[in-house]
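The structure appears below as structure tokens.
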Amino acid sequence: MVADVAEEGALRNGVRDEGMYSAISNCMIKGGLALSSALGGVLVDAIGFTGKDIVPTADMLFNLRILRALLPAGTAAVAMLFLIGYPLTKARLEALRAAQPSV
């Protein structure tokens with residue numbers, strides 16, 4: 001998708017700036033990983049699982065299962081909501097490729 005957005009930007013602005021799109025994308029990925037690591041530790045601590053417990057309680061295990069199921073499903077649903085507004089359809093990408101000068 002980054003390459004498609006870069007093509008669209010090049011057609012609109014006349015400047016090839018794939019590096020900028022790639023840098024922003026990688027920065028967002030690293031920020032998301034840092035946030036998920038921090039939030040994951042906070043959530044596991046909030047449900048009472050400290051790691052010092054030799055035998056976790058049934059309640060802790062149930063909460064861990066819920067956390068492992070609902071958190072990824074919820075974040076995937078939010079990502080899909082963002083994709084609803086994605087303007088580059090297959091027809092638009094074909095038109096972009098047709099408008100690009102052949103090398």
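Ordered as shown in the structure tokens, chains take letters A, B, and onward, while each chain numbers its residues from 1 and ligands are numbered from 1 in the order shown.
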Hey, what's within 10 Å of Met1 (chain A) if we count only C-alpha atoms and toss same-chain stuff fewer than 5 positions away? As a list in words, please?
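Answer for this query is Ala6, Glu7, Tyr86 and Leu88 of chain A.
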Residue subset to file, keeping all heavy atoms, as a PDB file, in the first residue's frame:
ATOM      1  N   ALA A   6       2.685   6.170  -2.782  1.00  0.00           N
ATOM      2  CA  ALA A   6       3.816   6.902  -3.356  1.00  0.00           C
ATOM      3  C   ALA A   6       3.565   7.188  -4.835  1.00  0.00           C
ATOM      4  O   ALA A   6       3.894   8.275  -5.323  1.00  0.00           O
ATOM      5  CB  ALA A   6       5.106   6.113  -3.170  1.00  0.00           C
ATOM      6  N   GLU A   7       2.987   6.239  -5.557  1.00  0.00           N
ATOM      7  CA  GLU A   7       2.650   6.477  -6.964  1.00  0.00           C
ATOM      8  C   GLU A   7       1.633   7.590  -7.117  1.00  0.00           C
ATOM      9  O   GLU A   7       1.750   8.443  -7.990  1.00  0.00           O
ATOM     10  CB  GLU A   7       2.086   5.192  -7.594  1.00  0.00           C
ATOM     11  CG  GLU A   7       3.123   4.329  -8.242  1.00  0.00           C
ATOM     12  CD  GLU A   7       2.495   3.173  -8.992  1.00  0.00           C
ATOM     13  OE1 GLU A   7       1.638   3.416  -9.860  1.00  0.00           O
ATOM     14  OE2 GLU A   7       2.871   2.041  -8.696  1.00  0.00           O
ATOM     15  N   TYR A  86      -9.964   4.162   2.536  1.00  0.00           N
ATOM     16  CA  TYR A  86      -8.792   4.105   1.653  1.00  0.00           C
ATOM     17  C   TYR A  86      -9.216   4.399   0.215  1.00  0.00           C
ATOM     18  O   TYR A  86     -10.027   3.664  -0.353  1.00  0.00           O
ATOM     19  CB  TYR A  86      -8.136   2.722   1.759  1.00  0.00           C
ATOM     20  CG  TYR A  86      -6.809   2.608   1.064  1.00  0.00           C
ATOM     21  CD1 TYR A  86      -5.712   3.312   1.510  1.00  0.00           C
ATOM     22  CD2 TYR A  86      -6.654   1.789  -0.049  1.00  0.00           C
ATOM     23  CE1 TYR A  86      -4.492   3.208   0.893  1.00  0.00           C
ATOM     24  CE2 TYR A  86      -5.430   1.678  -0.682  1.00  0.00           C
ATOM     25  CZ  TYR A  86      -4.354   2.389  -0.204  1.00  0.00           C
ATOM     26  OH  TYR A  86      -3.147   2.285  -0.836  1.00  0.00           O
ATOM     27  N   LEU A  88      -7.657   4.416  -2.766  1.00  0.00           N
ATOM     28  CA  LEU A  88      -7.055   3.807  -3.947  1.00  0.00           C
ATOM     29  C   LEU A  88      -7.698   2.452  -4.231  1.00  0.00           C
ATOM     30  O   LEU A  88      -7.383   1.458  -3.613  1.00  0.00           O
ATOM     31  CB  LEU A  88      -5.542   3.671  -3.764  1.00  0.00           C
ATOM     32  CG  LEU A  88      -4.777   4.987  -3.624  1.00  0.00           C
ATOM     33  CD1 LEU A  88      -3.304   4.724  -3.405  1.00  0.00           C
ATOM     34  CD2 LEU A  88      -4.994   5.877  -4.825  1.00  0.00           C
TER      35      LEU A  88
END
Please provide the set of residues having any atom within 9 Å of region 91-96 of chain A, restricted to only C-alpha atoms, with same-chain residues fewer than 5 positions apart removed, written as a list in words.
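Contacts, with the query itself left out: Asp4, Glu7, Glu8 and Leu11 of chain A.
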Restricting the calculation to only C-alpha atoms, which member of A:Thr89, A:Asn13, A:Asn26, A:Ser36 is positioned closest to Thr75 (chain A)?
A:Ser36
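Atom pair CA of Gly9 (chain A) / CA of Met80 (chain A) has a distance of 22.9 Å (rounded to one decimal).
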Could you pull out the helix (DSSP H, G or I) residues of chain A, going by DSSP on the backbone, and write them as a PDB file with N, CA and C atoms, in the first residue's frame?
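Generated file (selection-v4.pdb):
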ATOM      1  N   VAL A   2       2.057   1.169   0.605  1.00  0.00           N
ATOM      2  CA  VAL A   2       2.938   2.335   0.631  1.00  0.00           C
ATOM      3  C   VAL A   2       3.364   2.694  -0.795  1.00  0.00           C
ATOM      4  N   ALA A   3       3.649   1.678  -1.604  1.00  0.00           N
ATOM      5  CA  ALA A   3       4.050   1.945  -2.991  1.00  0.00           C
ATOM      6  C   ALA A   3       2.909   2.574  -3.779  1.00  0.00           C
ATOM      7  N   ASP A   4       1.682   2.152  -3.532  1.00  0.00           N
ATOM      8  CA  ASP A   4       0.536   2.732  -4.232  1.00  0.00           C
ATOM      9  C   ASP A   4       0.333   4.191  -3.844  1.00  0.00           C
ATOM     10  N   VAL A   5       0.482   4.494  -2.573  1.00  0.00           N
ATOM     11  CA  VAL A   5       0.352   5.874  -2.113  1.00  0.00           C
ATOM     12  C   VAL A   5       1.484   6.729  -2.688  1.00  0.00           C
ATOM     13  N   ALA A   6       2.685   6.170  -2.782  1.00  0.00           N
ATOM     14  CA  ALA A   6       3.816   6.902  -3.356  1.00  0.00           C
ATOM     15  C   ALA A   6       3.565   7.188  -4.835  1.00  0.00           C
ATOM     16  N   GLU A   7       2.987   6.239  -5.557  1.00  0.00           N
ATOM     17  CA  GLU A   7       2.650   6.477  -6.964  1.00  0.00           C
ATOM     18  C   GLU A   7       1.633   7.590  -7.117  1.00  0.00           C
ATOM     19  N   GLU A   8       0.618   7.568  -6.270  1.00  0.00           N
ATOM     20  CA  GLU A   8      -0.400   8.614  -6.296  1.00  0.00           C
ATOM     21  C   GLU A   8       0.222   9.985  -6.015  1.00  0.00           C
ATOM     22  N   GLY A   9       1.108  10.047  -5.024  1.00  0.00           N
ATOM     23  CA  GLY A   9       1.781  11.306  -4.701  1.00  0.00           C
ATOM     24  C   GLY A   9       2.676  11.792  -5.824  1.00  0.00           C
ATOM     25  N   ALA A  10       3.359  10.876  -6.483  1.00  0.00           N
ATOM     26  CA  ALA A  10       4.223  11.262  -7.597  1.00  0.00           C
ATOM     27  C   ALA A  10       3.414  11.813  -8.760  1.00  0.00           C
ATOM     28  N   LEU A  11       2.259  11.234  -9.004  1.00  0.00           N
ATOM     29  CA  LEU A  11       1.418  11.721 -10.091  1.00  0.00           C
ATOM     30  C   LEU A  11       0.848  13.106  -9.765  1.00  0.00           C
ATOM     31  N   ARG A  12       0.467  13.312  -8.512  1.00  0.00           N
ATOM     32  CA  ARG A  12      -0.098  14.611  -8.116  1.00  0.00           C
ATOM     33  C   ARG A  12       0.951  15.711  -8.043  1.00  0.00           C
ATOM     34  N   ASN A  13       2.121  15.401  -7.444  1.00  0.00           N
ATOM     35  CA  ASN A  13       3.119  16.430  -7.160  1.00  0.00           C
ATOM     36  C   ASN A  13       4.268  16.474  -8.153  1.00  0.00           C
ATOM     37  N   GLU A  18       9.288   8.186  -2.378  1.00  0.00           N
ATOM     38  CA  GLU A  18       9.035   6.906  -1.731  1.00  0.00           C
ATOM     39  C   GLU A  18       9.769   6.781  -0.404  1.00  0.00           C
ATOM     40  N   GLY A  19      10.950   7.397  -0.325  1.00  0.00           N
ATOM     41  CA  GLY A  19      11.740   7.328   0.901  1.00  0.00           C
ATOM     42  C   GLY A  19      11.016   7.944   2.081  1.00  0.00           C
ATOM     43  N   MET A  20      10.329   9.067   1.841  1.00  0.00           N
ATOM     44  CA  MET A  20       9.593   9.720   2.916  1.00  0.00           C
ATOM     45  C   MET A  20       8.445   8.831   3.396  1.00  0.00           C
ATOM     46  N   TYR A  21       7.713   8.247   2.445  1.00  0.00           N
ATOM     47  CA  TYR A  21       6.608   7.366   2.822  1.00  0.00           C
ATOM     48  C   TYR A  21       7.109   6.139   3.586  1.00  0.00           C
ATOM     49  N   SER A  22       8.229   5.594   3.153  1.00  0.00           N
ATOM     50  CA  SER A  22       8.803   4.425   3.826  1.00  0.00           C
ATOM     51  C   SER A  22       9.285   4.791   5.227  1.00  0.00           C
ATOM     52  N   ALA A  23       9.914   5.957   5.371  1.00  0.00           N
ATOM     53  CA  ALA A  23      10.401   6.389   6.680  1.00  0.00           C
ATOM     54  C   ALA A  23       9.241   6.605   7.644  1.00  0.00           C
ATOM     55  N   ILE A  24       8.184   7.248   7.187  1.00  0.00           N
ATOM     56  CA  ILE A  24       7.024   7.480   8.050  1.00  0.00           C
ATOM     57  C   ILE A  24       6.373   6.151   8.419  1.00  0.00           C
ATOM     58  N   SER A  25       6.272   5.254   7.464  1.00  0.00           N
ATOM     59  CA  SER A  25       5.677   3.947   7.731  1.00  0.00           C
ATOM     60  C   SER A  25       6.478   3.182   8.778  1.00  0.00           C
ATOM     61  N   ASN A  26       7.796   3.160   8.642  1.00  0.00           N
ATOM     62  CA  ASN A  26       8.638   2.453   9.609  1.00  0.00           C
ATOM     63  C   ASN A  26       8.586   3.109  10.985  1.00  0.00           C
ATOM     64  N   CYS A  27       8.507   4.432  11.022  1.00  0.00           N
ATOM     65  CA  CYS A  27       8.394   5.138  12.300  1.00  0.00           C
ATOM     66  C   CYS A  27       7.082   4.773  12.987  1.00  0.00           C
ATOM     67  N   MET A  28       5.994   4.699  12.231  1.00  0.00           N
ATOM     68  CA  MET A  28       4.700   4.326  12.799  1.00  0.00           C
ATOM     69  C   MET A  28       4.729   2.880  13.309  1.00  0.00           C
ATOM     70  N   ILE A  29       5.381   1.991  12.572  1.00  0.00           N
ATOM     71  CA  ILE A  29       5.479   0.590  13.003  1.00  0.00           C
ATOM     72  C   ILE A  29       6.254   0.488  14.313  1.00  0.00           C
ATOM     73  N   LYS A  30       7.386   1.192  14.406  1.00  0.00           N
ATOM     74  CA  LYS A  30       8.189   1.143  15.631  1.00  0.00           C
ATOM     75  C   LYS A  30       7.440   1.771  16.805  1.00  0.00           C
ATOM     76  N   GLY A  31       6.718   2.845  16.561  1.00  0.00           N
ATOM     77  CA  GLY A  31       5.920   3.454  17.624  1.00  0.00           C
ATOM     78  C   GLY A  31       4.813   2.520  18.093  1.00  0.00           C
ATOM     79  N   GLY A  32       4.182   1.830  17.155  1.00  0.00           N
ATOM     80  CA  GLY A  32       3.131   0.872  17.499  1.00  0.00           C
ATOM     81  C   GLY A  32       3.668  -0.300  18.302  1.00  0.00           C
ATOM     82  N   LEU A  33       4.849  -0.784  17.939  1.00  0.00           N
ATOM     83  CA  LEU A  33       5.459  -1.874  18.702  1.00  0.00           C
ATOM     84  C   LEU A  33       5.806  -1.440  20.125  1.00  0.00           C
ATOM     85  N   ALA A  34       6.339  -0.236  20.265  1.00  0.00           N
ATOM     86  CA  ALA A  34       6.680   0.264  21.600  1.00  0.00           C
ATOM     87  C   ALA A  34       5.412   0.441  22.435  1.00  0.00           C
ATOM     88  N   LEU A  35       4.375   1.004  21.836  1.00  0.00           N
ATOM     89  CA  LEU A  35       3.117   1.208  22.553  1.00  0.00           C
ATOM     90  C   LEU A  35       2.482  -0.115  22.949  1.00  0.00           C
ATOM     91  N   SER A  36       2.494  -1.085  22.037  1.00  0.00           N
ATOM     92  CA  SER A  36       1.879  -2.375  22.360  1.00  0.00           C
ATOM     93  C   SER A  36       2.661  -3.117  23.439  1.00  0.00           C
ATOM     94  N   SER A  37       3.974  -2.983  23.455  1.00  0.00           N
ATOM     95  CA  SER A  37       4.766  -3.619  24.518  1.00  0.00           C
ATOM     96  C   SER A  37       4.451  -3.004  25.872  1.00  0.00           C
ATOM     97  N   ALA A  38       4.405  -1.686  25.916  1.00  0.00           N
ATOM     98  CA  ALA A  38       4.105  -1.011  27.185  1.00  0.00           C
ATOM     99  C   ALA A  38       2.684  -1.306  27.635  1.00  0.00           C
ATOM    100  N   LEU A  39       1.737  -1.201  26.728  1.00  0.00           N
ATOM    101  CA  LEU A  39       0.338  -1.438  27.075  1.00  0.00           C
ATOM    102  C   LEU A  39       0.104  -2.900  27.445  1.00  0.00           C
ATOM    103  N   GLY A  40       0.786  -3.810  26.768  1.00  0.00           N
ATOM    104  CA  GLY A  40       0.653  -5.230  27.088  1.00  0.00           C
ATOM    105  C   GLY A  40       1.096  -5.535  28.508  1.00  0.00           C
ATOM    106  N   GLY A  41       2.220  -4.955  28.926  1.00  0.00           N
ATOM    107  CA  GLY A  41       2.691  -5.162  30.288  1.00  0.00           C
ATOM    108  C   GLY A  41       1.736  -4.588  31.322  1.00  0.00           C
ATOM    109  N   VAL A  42       1.191  -3.413  31.018  1.00  0.00           N
ATOM    110  CA  VAL A  42       0.242  -2.786  31.944  1.00  0.00           C
ATOM    111  C   VAL A  42      -1.024  -3.630  32.055  1.00  0.00           C
ATOM    112  N   LEU A  43      -1.529  -4.125  30.927  1.00  0.00           N
ATOM    113  CA  LEU A  43      -2.759  -4.922  30.957  1.00  0.00           C
ATOM    114  C   LEU A  43      -2.570  -6.248  31.689  1.00  0.00           C
ATOM    115  N   VAL A  44      -1.454  -6.906  31.465  1.00  0.00           N
ATOM    116  CA  VAL A  44      -1.198  -8.173  32.158  1.00  0.00           C
ATOM    117  C   VAL A  44      -1.060  -7.929  33.656  1.00  0.00           C
ATOM    118  N   ASP A  45      -0.413  -6.829  34.032  1.00  0.00           N
ATOM    119  CA  ASP A  45      -0.302  -6.484  35.450  1.00  0.00           C
ATOM    120  C   ASP A  45      -1.676  -6.133  36.029  1.00  0.00           C
ATOM    121  N   ALA A  46      -2.517  -5.484  35.244  1.00  0.00           N
ATOM    122  CA  ALA A  46      -3.848  -5.082  35.720  1.00  0.00           C
ATOM    123  C   ALA A  46      -4.752  -6.281  36.010  1.00  0.00           C
ATOM    124  N   ALA A  58      -7.494 -19.682  38.492  1.00  0.00           N
ATOM    125  CA  ALA A  58      -8.385 -19.881  37.351  1.00  0.00           C
ATOM    126  C   ALA A  58      -8.878 -18.547  36.821  1.00  0.00           C
ATOM    127  N   ASP A  59      -9.083 -17.584  37.704  1.00  0.00           N
ATOM    128  CA  ASP A  59      -9.536 -16.258  37.292  1.00  0.00           C
ATOM    129  C   ASP A  59      -8.477 -15.547  36.454  1.00  0.00           C
ATOM    130  N   MET A  60      -7.210 -15.673  36.863  1.00  0.00           N
ATOM    131  CA  MET A  60      -6.116 -15.082  36.089  1.00  0.00           C
ATOM    132  C   MET A  60      -6.031 -15.702  34.698  1.00  0.00           C
ATOM    133  N   LEU A  61      -6.142 -17.005  34.610  1.00  0.00           N
ATOM    134  CA  LEU A  61      -6.069 -17.679  33.313  1.00  0.00           C
ATOM    135  C   LEU A  61      -7.239 -17.288  32.416  1.00  0.00           C
ATOM    136  N   PHE A  62      -8.425 -17.164  32.993  1.00  0.00           N
ATOM    137  CA  PHE A  62      -9.585 -16.735  32.220  1.00  0.00           C
ATOM    138  C   PHE A  62      -9.365 -15.319  31.677  1.00  0.00           C
ATOM    139  N   ASN A  63      -8.877 -14.417  32.537  1.00  0.00           N
ATOM    140  CA  ASN A  63      -8.622 -13.044  32.105  1.00  0.00           C
ATOM    141  C   ASN A  63      -7.531 -12.980  31.033  1.00  0.00           C
ATOM    142  N   LEU A  64      -6.512 -13.822  31.151  1.00  0.00           N
ATOM    143  CA  LEU A  64      -5.475 -13.874  30.113  1.00  0.00           C
ATOM    144  C   LEU A  64      -6.047 -14.350  28.784  1.00  0.00           C
ATOM    145  N   ARG A  65      -6.939 -15.342  28.821  1.00  0.00           N
ATOM    146  CA  ARG A  65      -7.562 -15.825  27.581  1.00  0.00           C
ATOM    147  C   ARG A  65      -8.408 -14.736  26.938  1.00  0.00           C
ATOM    148  N   ILE A  66      -9.156 -14.020  27.745  1.00  0.00           N
ATOM    149  CA  ILE A  66      -9.976 -12.929  27.225  1.00  0.00           C
ATOM    150  C   ILE A  66      -9.088 -11.853  26.606  1.00  0.00           C
ATOM    151  N   LEU A  67      -8.016 -11.501  27.305  1.00  0.00           N
ATOM    152  CA  LEU A  67      -7.083 -10.497  26.809  1.00  0.00           C
ATOM    153  C   LEU A  67      -6.454 -10.933  25.491  1.00  0.00           C
ATOM    154  N   ARG A  68      -6.061 -12.200  25.394  1.00  0.00           N
ATOM    155  CA  ARG A  68      -5.428 -12.705  24.169  1.00  0.00           C
ATOM    156  C   ARG A  68      -6.405 -12.828  23.009  1.00  0.00           C
ATOM    157  N   ALA A  69      -7.693 -12.908  23.281  1.00  0.00           N
ATOM    158  CA  ALA A  69      -8.685 -13.027  22.214  1.00  0.00           C
ATOM    159  C   ALA A  69      -9.241 -11.678  21.794  1.00  0.00           C
ATOM    160  N   LEU A  70      -9.627 -10.867  22.757  1.00  0.00           N
ATOM    161  CA  LEU A  70     -10.328  -9.625  22.431  1.00  0.00           C
ATOM    162  C   LEU A  70      -9.408  -8.497  21.970  1.00  0.00           C
ATOM    163  N   LEU A  71      -8.223  -8.410  22.537  1.00  0.00           N
ATOM    164  CA  LEU A  71      -7.329  -7.316  22.157  1.00  0.00           C
ATOM    165  C   LEU A  71      -6.914  -7.385  20.685  1.00  0.00           C
ATOM    166  N   PRO A  72      -6.428  -8.522  20.164  1.00  0.00           N
ATOM    167  CA  PRO A  72      -6.110  -8.570  18.741  1.00  0.00           C
ATOM    168  C   PRO A  72      -7.341  -8.384  17.853  1.00  0.00           C
ATOM    169  N   ALA A  73      -8.472  -8.958  18.250  1.00  0.00           N
ATOM    170  CA  ALA A  73      -9.690  -8.798  17.449  1.00  0.00           C
ATOM    171  C   ALA A  73     -10.131  -7.340  17.424  1.00  0.00           C
ATOM    172  N   GLY A  74     -10.015  -6.667  18.542  1.00  0.00           N
ATOM    173  CA  GLY A  74     -10.405  -5.254  18.603  1.00  0.00           C
ATOM    174  C   GLY A  74      -9.508  -4.360  17.774  1.00  0.00           C
ATOM    175  N   THR A  75      -8.202  -4.581  17.856  1.00  0.00           N
ATOM    176  CA  THR A  75      -7.290  -3.755  17.068  1.00  0.00           C
ATOM    177  C   THR A  75      -7.422  -4.048  15.577  1.00  0.00           C
ATOM    178  N   ALA A  76      -7.706  -5.284  15.211  1.00  0.00           N
ATOM    179  CA  ALA A  76      -7.943  -5.606  13.797  1.00  0.00           C
ATOM    180  C   ALA A  76      -9.212  -4.927  13.302  1.00  0.00           C
ATOM    181  N   ALA A  77     -10.234  -4.864  14.131  1.00  0.00           N
ATOM    182  CA  ALA A  77     -11.481  -4.184  13.737  1.00  0.00           C
ATOM    183  C   ALA A  77     -11.242  -2.693  13.529  1.00  0.00           C
ATOM    184  N   VAL A  78     -10.439  -2.081  14.390  1.00  0.00           N
ATOM    185  CA  VAL A  78     -10.122  -0.659  14.226  1.00  0.00           C
ATOM    186  C   VAL A  78      -9.338  -0.436  12.935  1.00  0.00           C
ATOM    187  N   ALA A  79      -8.390  -1.321  12.641  1.00  0.00           N
ATOM    188  CA  ALA A  79      -7.622  -1.203  11.397  1.00  0.00           C
ATOM    189  C   ALA A  79      -8.525  -1.318  10.178  1.00  0.00           C
ATOM    190  N   MET A  80      -9.497  -2.209  10.233  1.00  0.00           N
ATOM    191  CA  MET A  80     -10.437  -2.354   9.108  1.00  0.00           C
ATOM    192  C   MET A  80     -11.290  -1.103   8.942  1.00  0.00           C
ATOM    193  N   LEU A  81     -11.630  -0.451  10.037  1.00  0.00           N
ATOM    194  CA  LEU A  81     -12.384   0.800   9.938  1.00  0.00           C
ATOM    195  C   LEU A  81     -11.570   1.879   9.225  1.00  0.00           C
ATOM    196  N   PHE A  82     -10.273   1.904   9.481  1.00  0.00           N
ATOM    197  CA  PHE A  82      -9.418   2.862   8.775  1.00  0.00           C
ATOM    198  C   PHE A  82      -9.354   2.550   7.285  1.00  0.00           C
ATOM    199  N   LEU A  83      -9.415   1.282   6.921  1.00  0.00           N
ATOM    200  CA  LEU A  83      -9.324   0.903   5.511  1.00  0.00           C
ATOM    201  C   LEU A  83     -10.584   1.230   4.727  1.00  0.00           C
ATOM    202  N   ILE A  84     -11.694   1.461   5.396  1.00  0.00           N
ATOM    203  CA  ILE A  84     -12.924   1.806   4.687  1.00  0.00           C
ATOM    204  C   ILE A  84     -12.728   3.078   3.875  1.00  0.00           C
ATOM    205  N   LYS A  90      -8.851  -0.616  -7.139  1.00  0.00           N
ATOM    206  CA  LYS A  90      -8.159  -1.307  -8.226  1.00  0.00           C
ATOM    207  C   LYS A  90      -8.232  -0.487  -9.518  1.00  0.00           C
ATOM    208  N   ALA A  91      -9.396   0.085  -9.805  1.00  0.00           N
ATOM    209  CA  ALA A  91      -9.551   0.894 -11.018  1.00  0.00           C
ATOM    210  C   ALA A  91      -8.654   2.127 -10.967  1.00  0.00           C
ATOM    211  N   ARG A  92      -8.557   2.772  -9.794  1.00  0.00           N
ATOM    212  CA  ARG A  92      -7.712   3.961  -9.660  1.00  0.00           C
ATOM    213  C   ARG A  92      -6.238   3.599  -9.830  1.00  0.00           C
ATOM    214  N   LEU A  93      -5.810   2.452  -9.301  1.00  0.00           N
ATOM    215  CA  LEU A  93      -4.417   2.041  -9.449  1.00  0.00           C
ATOM    216  C   LEU A  93      -4.081   1.710 -10.898  1.00  0.00           C
ATOM    217  N   GLU A  94      -5.021   1.090 -11.607  1.00  0.00           N
ATOM    218  CA  GLU A  94      -4.790   0.811 -13.026  1.00  0.00           C
ATOM    219  C   GLU A  94      -4.673   2.110 -13.822  1.00  0.00           C
ATOM    220  N   ALA A  95      -5.478   3.112 -13.480  1.00  0.00           N
ATOM    221  CA  ALA A  95      -5.396   4.404 -14.141  1.00  0.00           C
ATOM    222  C   ALA A  95      -4.060   5.083 -13.821  1.00  0.00           C
ATOM    223  N   LEU A  96      -3.584   4.931 -12.583  1.00  0.00           N
ATOM    224  CA  LEU A  96      -2.271   5.481 -12.219  1.00  0.00           C
ATOM    225  C   LEU A  96      -1.155   4.850 -13.020  1.00  0.00           C
ATOM    226  N   ARG A  97      -1.219   3.532 -13.143  1.00  0.00           N
ATOM    227  CA  ARG A  97      -0.149   2.841 -13.896  1.00  0.00           C
ATOM    228  C   ARG A  97      -0.192   3.202 -15.365  1.00  0.00           C
ATOM    229  N   ALA A  98      -1.374   3.421 -15.884  1.00  0.00           N
ATOM    230  CA  ALA A  98      -1.489   3.813 -17.288  1.00  0.00           C
ATOM    231  C   ALA A  98      -0.972   5.233 -17.503  1.00  0.00           C
ATOM    232  N   ALA A  99      -1.085   6.098 -16.503  1.00  0.00           N
ATOM    233  CA  ALA A  99      -0.652   7.482 -16.630  1.00  0.00           C
ATOM    234  C   ALA A  99       0.857   7.653 -16.444  1.00  0.00           C
TER     235      ALA A  99
END
